[in-house]
$ cat coords18.txt   # compact mmCIF, C-alpha atoms
# COMPACT_ATOMS: atom_id res chain seq x y z
CA MET A 20 83.91 68.16 105.59
CA LYS A 21 82.56 69.20 109.00
CA LYS A 22 84.58 72.40 108.90
CA THR A 23 82.96 73.40 105.58
CA ILE A 24 79.42 73.02 106.95
CA ILE A 25 80.17 75.16 109.98
CA TYR A 26 81.46 78.00 107.81
CA PHE A 27 78.35 77.83 105.63
CA LEU A 28 75.96 78.15 108.60
CA VAL A 29 77.84 81.09 110.06
CA PHE A 30 77.55 82.87 106.72
CA LEU A 31 73.85 82.10 106.32
CA PHE A 32 72.51 83.41 109.66
CA PRO A 33 73.54 87.09 109.21
CA VAL A 34 71.94 87.16 105.77
CA ASN A 35 68.58 85.86 107.04
CA SER A 36 68.59 88.34 109.95
CA CYS A 37 68.48 91.29 107.49
CA ILE A 38 65.19 90.16 105.92
CA LYS A 39 62.19 92.19 107.22
CA ILE A 40 58.80 90.56 106.88
CA GLU A 41 55.90 93.07 106.81
CA ASP A 42 52.95 92.26 109.03
CA GLU A 43 49.90 94.07 107.67
CA PRO A 44 47.59 95.66 110.29
CA PHE A 45 44.04 94.43 110.78
CA VAL A 46 41.75 97.38 111.58
CA THR A 47 38.07 98.31 111.46
CA LEU A 48 36.73 101.87 111.52
CA THR A 49 33.90 103.24 113.67
CA PRO A 50 33.63 106.93 112.65
CA THR A 51 31.94 109.61 114.74
CA VAL A 52 31.23 113.27 114.01
CA GLU A 53 31.19 116.18 116.47
CA PHE A 54 29.99 119.76 115.83
CA GLN A 55 31.07 122.76 117.91
CA GLY A 56 30.18 126.36 117.13
CA TYR A 57 29.89 129.95 118.28
CA ILE A 58 28.65 133.32 117.07
CA LEU A 59 31.28 135.79 115.84
CA LYS A 60 29.79 139.19 115.00
CA ASP A 61 27.25 138.43 112.22
CA LYS A 62 28.48 134.91 111.44
CA ALA A 63 28.15 131.44 112.91
CA VAL A 64 31.48 129.62 113.02
CA VAL A 65 31.23 125.82 113.20
CA ASN A 66 34.08 123.34 113.69
CA THR A 67 33.27 119.87 112.37
CA THR A 68 35.48 117.08 113.72
CA VAL A 69 35.38 113.61 112.14
CA TYR A 70 37.03 110.86 114.18
CA ALA A 71 38.21 107.68 112.43
CA GLY A 72 37.64 105.54 115.54
CA PRO A 73 39.99 102.69 114.56
CA VAL A 74 39.82 99.34 116.36
CA PHE A 75 42.95 97.26 115.77
CA GLY A 76 42.70 93.49 115.79
CA ASN A 77 46.38 93.43 114.87
CA PRO A 78 48.48 96.63 114.82
CA GLY A 79 51.02 95.10 112.44
CA ASN A 80 54.48 96.51 111.94
CA ILE A 81 53.83 99.05 109.18
CA PRO A 82 52.02 102.42 109.48
CA THR A 83 48.27 102.70 109.13
CA VAL A 84 47.05 105.82 107.32
CA PHE A 85 43.50 107.21 107.50
CA MET A 86 42.22 109.27 104.57
CA TYR A 87 39.03 111.39 104.66
CA GLU A 88 36.73 112.32 101.80
CA GLY A 89 33.48 114.13 102.39
CA GLU A 90 31.62 117.38 102.80
CA VAL A 91 29.97 119.43 105.52
CA SER A 92 26.96 121.40 104.29
CA PHE A 93 24.53 123.93 105.76
CA TYR A 94 20.96 124.00 104.46
CA ASN A 95 17.85 126.05 105.01
CA GLU A 96 15.54 123.37 106.36
CA ASP A 97 12.39 125.04 104.99
CA THR A 98 13.56 125.79 101.43
CA GLY A 99 16.36 123.24 100.98
CA GLU A 100 18.70 126.05 99.92
CA LEU A 101 22.43 125.34 100.31
CA ILE A 102 23.86 128.15 102.46
CA ALA A 103 27.50 127.06 102.80
CA SER A 104 29.71 123.99 102.41
CA ALA A 105 33.31 122.83 102.89
CA GLN A 106 35.30 119.77 101.88
CA ILE A 107 36.33 117.26 104.53
CA THR A 108 39.92 116.16 103.99
CA GLY A 109 42.81 114.92 106.09
CA ASP A 110 44.98 111.91 106.86
CA GLY A 111 45.16 111.53 110.64
CA LEU A 112 43.09 110.04 113.41
CA ALA A 113 40.71 113.01 113.06
CA ALA A 114 39.86 115.68 110.50
CA ILE A 115 38.79 119.18 111.62
CA ILE A 116 37.03 121.60 109.28
CA GLU A 117 36.03 125.18 110.15
CA THR A 118 33.09 126.71 108.30
CA GLU A 119 31.59 130.22 108.51
CA VAL A 120 27.87 130.61 107.92
CA THR A 121 25.95 133.82 107.26
CA ALA A 122 22.16 133.75 107.20
CA ASP A 123 19.18 135.98 107.97
CA THR A 124 18.27 133.60 110.76
CA TYR A 125 19.98 130.50 112.11
CA GLU A 126 16.86 128.98 113.63
CA ASN A 127 16.00 126.85 110.59
CA VAL A 128 19.54 125.93 109.46
CA ILE A 129 20.71 122.31 109.59
CA ILE A 130 24.24 120.89 109.35
CA GLU A 131 24.98 117.74 107.41
CA ALA A 132 28.38 115.99 107.43
CA SER A 133 28.89 112.92 105.23
CA GLY A 134 31.70 111.03 103.55
CA ILE A 135 34.00 108.05 103.75
CA ILE A 136 37.14 107.15 105.67
CA THR A 137 39.64 104.69 104.23
CA ALA A 138 42.35 102.94 106.24
CA TYR A 139 45.50 102.08 104.28
CA ALA A 140 48.60 100.04 105.11
CA ASP A 141 51.63 102.10 104.09
CA LYS A 142 53.63 99.41 102.28
CA GLU A 143 57.38 99.75 102.76
CA SER A 144 56.63 102.76 105.03
CA ASP A 145 57.49 105.03 102.10
CA GLY A 146 54.57 107.50 102.29
CA ASP A 147 53.66 106.63 98.69
CA ARG A 148 49.89 106.14 98.37
CA ALA A 149 50.32 104.35 95.02
CA ASN A 150 51.51 101.10 96.59
CA ASP A 151 49.37 101.19 99.74
CA ILE A 152 46.93 98.42 100.61
CA VAL A 153 43.30 99.18 101.52
CA LEU A 154 42.52 97.73 104.94
CA HIS A 155 38.99 98.97 105.60
CA LYS A 156 36.47 101.60 104.51
CA SER A 157 33.59 103.12 106.45
CA VAL A 158 31.06 105.84 105.70
CA PHE A 159 30.03 108.55 108.16
CA TYR A 160 26.90 110.68 108.32
CA GLU A 161 25.69 113.15 110.93
CA VAL A 162 22.95 115.81 111.00
CA ALA A 163 22.37 118.55 113.59
CA ASP A 164 20.36 121.74 114.00
CA LEU A 165 22.60 124.80 113.97
CA PRO A 166 20.89 126.42 117.01
CA ASP A 167 21.77 123.32 119.05
CA VAL A 168 25.42 123.65 118.04
CA VAL A 169 25.98 127.38 118.59
CA ASN A 170 23.57 127.72 121.52
CA LEU A 171 21.71 130.71 120.11
CA GLU A 172 19.46 130.84 123.14
CA ASN A 173 22.55 131.47 125.32
CA TYR A 174 23.91 134.39 123.32
CA PRO A 175 24.86 136.81 126.10
CA VAL A 176 22.88 139.95 126.84
CA VAL A 177 24.61 142.17 129.40
CA THR A 178 23.81 145.76 130.36
CA MET A 179 25.93 148.04 132.54
CA ASP A 180 25.27 150.96 134.84
CA PRO A 181 28.78 152.27 135.66
CA SER A 182 29.47 154.27 138.80
CA VAL A 183 32.48 156.13 140.23
CA GLU A 184 33.60 156.53 143.83
CA PHE A 185 36.24 158.98 145.08
CA GLN A 186 38.42 158.70 148.16
CA THR A 187 40.63 161.60 149.23
CA TYR A 188 42.96 162.43 152.10
CA PHE A 189 45.67 165.01 152.88
CA ARG A 190 49.26 164.41 153.92
CA ASP A 191 51.92 167.18 154.15
CA HIS A 192 50.23 169.54 151.68
CA GLN A 193 49.61 166.63 149.31
CA LEU A 194 46.14 165.52 148.29
CA TYR A 195 45.80 161.80 147.53
CA ILE A 196 42.86 161.08 145.21
CA THR A 197 41.68 157.57 144.40
CA SER A 198 38.98 157.02 141.80
CA THR A 199 37.29 153.61 141.47
CA ALA A 200 35.03 152.95 138.48
CA SER A 201 32.66 149.96 138.61
CA ALA A 202 30.94 148.30 135.66
CA ASN A 203 27.84 147.15 137.65
CA PRO A 204 26.67 144.62 135.05
CA THR A 205 23.26 143.03 134.81
CA TYR A 206 23.24 139.61 133.13
CA GLN A 207 19.97 139.29 131.26
CA VAL A 208 21.24 136.22 129.36
CA THR A 209 24.40 134.39 130.44
CA ALA A 210 26.90 132.61 128.18
CA SER A 211 29.03 129.48 128.10
CA PHE A 212 32.20 131.56 127.63
CA PRO A 213 33.77 134.24 129.86
CA ILE A 214 32.36 137.77 129.89
CA LEU A 215 35.05 140.47 130.08
CA PHE A 216 34.89 144.13 131.09
CA THR A 217 37.52 146.61 129.90
CA PHE A 218 37.82 150.19 131.16
CA ASN A 219 39.12 153.06 129.06
CA GLY A 220 39.03 156.23 131.12
CA VAL A 221 40.95 158.98 132.83
CA LEU A 222 41.04 160.73 136.20
CA GLN A 223 41.83 164.45 135.89
CA VAL A 224 42.56 167.06 138.55
CA TYR A 225 42.04 170.74 137.61
CA ASP A 226 42.78 173.98 139.43
CA ARG A 227 39.37 175.26 140.48
CA ASP A 228 40.26 178.89 139.73
CA SER A 229 42.29 178.76 136.51
CA GLU A 230 40.75 175.50 135.20
CA LEU A 231 44.25 174.31 134.27
CA LEU A 232 44.99 170.57 134.35
CA ILE A 233 47.29 169.70 137.24
CA LYS A 234 47.38 165.90 137.39
CA SER A 235 45.89 162.92 135.57
CA GLY A 236 45.84 159.12 135.68
CA THR A 237 44.35 156.37 133.54
CA LEU A 238 41.55 153.94 134.28
CA ASP A 239 42.47 151.10 131.92
CA GLU A 240 42.12 147.83 133.81
CA GLU A 241 40.17 144.66 132.98
CA GLY A 242 37.61 143.39 135.44
CA LEU A 243 34.51 144.56 137.24
CA THR A 244 36.34 147.61 138.63
CA SER A 245 39.25 149.85 137.71
CA ALA A 246 41.03 152.17 140.15
CA VAL A 247 43.76 154.80 139.94
CA THR A 248 45.41 157.09 142.49
CA VAL A 249 47.03 160.47 141.80
CA VAL A 250 48.81 162.83 144.17
CA ALA A 251 48.55 166.60 143.76
CA ASP A 252 50.43 169.34 145.66
CA THR A 253 47.88 171.71 147.21
CA THR A 254 50.36 174.55 147.79
CA SER A 255 49.16 177.81 146.19
CA TYR A 256 45.80 176.31 145.22
CA SER A 257 42.44 177.18 146.76
CA GLY A 258 40.62 174.15 145.44
CA PHE A 259 40.45 171.34 142.88
CA VAL A 260 37.87 170.08 140.42
CA ILE A 261 38.24 166.31 140.03
CA ILE A 262 36.68 164.50 137.06
CA ALA A 263 36.62 160.77 136.26
CA THR A 264 35.33 159.95 132.81
CA GLY A 265 35.50 157.12 130.28
CA THR A 266 33.79 154.00 128.94
CA VAL A 267 33.38 150.35 129.90
CA GLU A 268 33.27 147.77 127.11
CA CYS A 269 31.73 144.35 127.65
CA THR A 270 33.03 141.55 125.41
CA GLY A 271 32.77 137.76 125.19
CA ASP A 272 35.92 135.63 125.19
CA ILE A 273 34.94 133.13 122.49
CA ALA A 274 36.25 129.61 123.20
CA ALA A 275 37.76 130.96 126.44
CA ASP A 276 41.11 131.11 124.63
CA GLY A 277 42.33 134.50 125.85
CA ASP A 278 42.69 135.64 122.24
CA SER A 279 41.04 139.03 121.82
CA SER A 280 41.06 138.82 118.01
CA ASN A 281 38.02 136.53 117.98
CA ASP A 282 36.12 138.13 120.89
CA ILE A 283 32.61 139.49 120.38
CA ARG A 284 31.39 142.91 121.49
CA ILE A 285 28.31 142.69 123.70
CA SER A 286 27.73 146.24 124.98
CA ASN A 287 29.41 149.39 126.26
CA ALA A 288 28.54 152.22 128.61
CA GLU A 289 29.94 155.64 129.57
CA PHE A 290 30.72 156.98 133.02
CA ILE A 291 31.49 160.46 134.35
CA GLU A 292 31.65 161.79 137.88
CA THR A 293 32.86 165.12 139.27
CA ILE A 294 33.69 166.41 142.74
CA VAL A 295 34.90 169.84 143.86
CA ILE A 296 37.23 170.25 146.83
CA ASP A 297 37.51 173.66 148.52
CA PHE A 298 40.68 174.01 150.61
CA ASP A 299 39.34 177.13 152.39
CA GLU A 300 36.51 175.23 154.08

$ encode --input "coords18.txt" --output "structure tokens"
Amino acid sequence: MKKTIIYFLVFLFPVNSCIKIEDEPFVTLTPTVEFQGYILKDKAVVNTTVYAGPVFGNPGNIPTVFMYEGEVSFYNEDTGELIASAQITGDGLAAIIETEVTADTYENVIIEASGIITAYADKESDGDRANDIVLHKSVFYEVADLPDVVNLENYPVVTMDPSVEFQTYFRDHQLYITSTASANPTYQVTASFPILFTFNGVLQVYDRDSELLIKSGTLDEEGLTSAVTVVADTTSYSGFVIIATGTVECTGDIAADGDSSNDIRISNAEFIETIVIDFDE
């Protein structure tokens, strides 16, 4: 009789160890909304981020899913006209929505984000919303003035007065010519993102008598200055005409992401400088 009982207990323990008891999470939501924006050409681009802000009293042993339903809208504050809107959706700890706004003026535009976040317990961890259990719901609502979000007052205004300097010296019948172009910017209004300067120019060396091109180099660097050096053989020439010409473009690196595709053009300026070198003097 004792032997039979022992066998029964040994059989029972492995079976019970395979049973998984689900422990539902206990969570409350404290949503927050954040607006971030910038000007891109003739549009205002605004990223709206809604954070679920969960506080877990008990994390449980099954996944918690957060679902977003709502809308971000842009209104003319004076007329009440709806300018643009986008749906707020998502299922993570945060939902991010990008919206482009075009208006005659952004000074009287307001942003309104509203909706509801629902926390679900993913029963059986199967990803099937049909059998999930609602843990908590919370509404969110946030209003902001568009000029406060995109910092219209800090939209950059930069002018340039480019200049060119030449340096030359001889060595064994070779003339070394260095041309340095400078953007010389004046910041009338600064910005919260980097300001970039790009040169697109050329240094050319011509025979003074025949006016034929002898040597050339490019001025194509990024920064406040761009320099290039060329070497020309002076044998059989009586003099050179040296010309540096091109443009400087000033752009804004939106979001400081190094991606030129979303940069804004601020201003551009031309430069040209000429010197003549007479070898007979």

$ atom_distance --input "coords18.txt" --atom1 "atom CA of Ala132 of chain A" --atom2 "atom CA of Pro73 of chain A"
19.0 Å

$ residues_around --input "coords18.txt" --residues "segment 251-264 of chain A" --least-positions-apart "3" --cutoff "7 Å" --atoms "only C-alpha atoms" --output "PDB file with C-alpha atoms, in the frame of the given file"
ATOM      1  CA  HIS A 192      50.230 169.540 151.680  1.00  0.00           C
ATOM      2  CA  GLN A 193      49.610 166.630 149.310  1.00  0.00           C
ATOM      3  CA  LEU A 194      46.140 165.520 148.290  1.00  0.00           C
ATOM      4  CA  TYR A 195      45.800 161.800 147.530  1.00  0.00           C
ATOM      5  CA  GLY A 220      39.030 156.230 131.120  1.00  0.00           C
ATOM      6  CA  VAL A 221      40.950 158.980 132.830  1.00  0.00           C
ATOM      7  CA  LEU A 222      41.040 160.730 136.200  1.00  0.00           C
ATOM      8  CA  GLN A 223      41.830 164.450 135.890  1.00  0.00           C
ATOM      9  CA  VAL A 224      42.560 167.060 138.550  1.00  0.00           C
ATOM     10  CA  TYR A 225      42.040 170.740 137.610  1.00  0.00           C
ATOM     11  CA  ASP A 226      42.780 173.980 139.430  1.00  0.00           C
ATOM     12  CA  ARG A 227      39.370 175.260 140.480  1.00  0.00           C
ATOM     13  CA  LYS A 234      47.380 165.900 137.390  1.00  0.00           C
ATOM     14  CA  PHE A 290      30.720 156.980 133.020  1.00  0.00           C
ATOM     15  CA  ILE A 291      31.490 160.460 134.350  1.00  0.00           C
ATOM     16  CA  GLU A 292      31.650 161.790 137.880  1.00  0.00           C
ATOM     17  CA  THR A 293      32.860 165.120 139.270  1.00  0.00           C
ATOM     18  CA  ILE A 294      33.690 166.410 142.740  1.00  0.00           C
ATOM     19  CA  VAL A 295      34.900 169.840 143.860  1.00  0.00           C
ATOM     20  CA  ILE A 296      37.230 170.250 146.830  1.00  0.00           C
ATOM     21  CA  ASP A 297      37.510 173.660 148.520  1.00  0.00           C
ATOM     22  CA  PHE A 298      40.680 174.010 150.610  1.00  0.00           C
ATOM     23  CA  ASP A 299      39.340 177.130 152.390  1.00  0.00           C
TER      24      ASP A 299
END

$ residues_around --input "coords18.txt" --residues "Gln207 of chain A" --least-positions-apart "2" --cutoff "10 Å" --atoms "all atoms listed in the file" --output "PyMOL selection string"
chain A and resi 175-178+204-205+209

$ residues_around --input "coords18.txt" --residues "Ala138 of chain A" --least-positions-apart "5" --cutoff "10 Å" --atoms "all atoms listed in the file" --output "list in words"
Pro44, Phe45, Val46, Thr47, Leu48, Ala71, Pro73, Thr83, Val84, Phe85, Met86, Tyr87, Asp110, Asp151, Ile152, Val153, Leu154, His155, Lys156 and Ser157 of chain A

$ atom_distance --input "coords18.txt" --atom1 "atom CA of Glu96 of chain A" --atom2 "atom CA of Asp123 of chain A"
13.2 Å
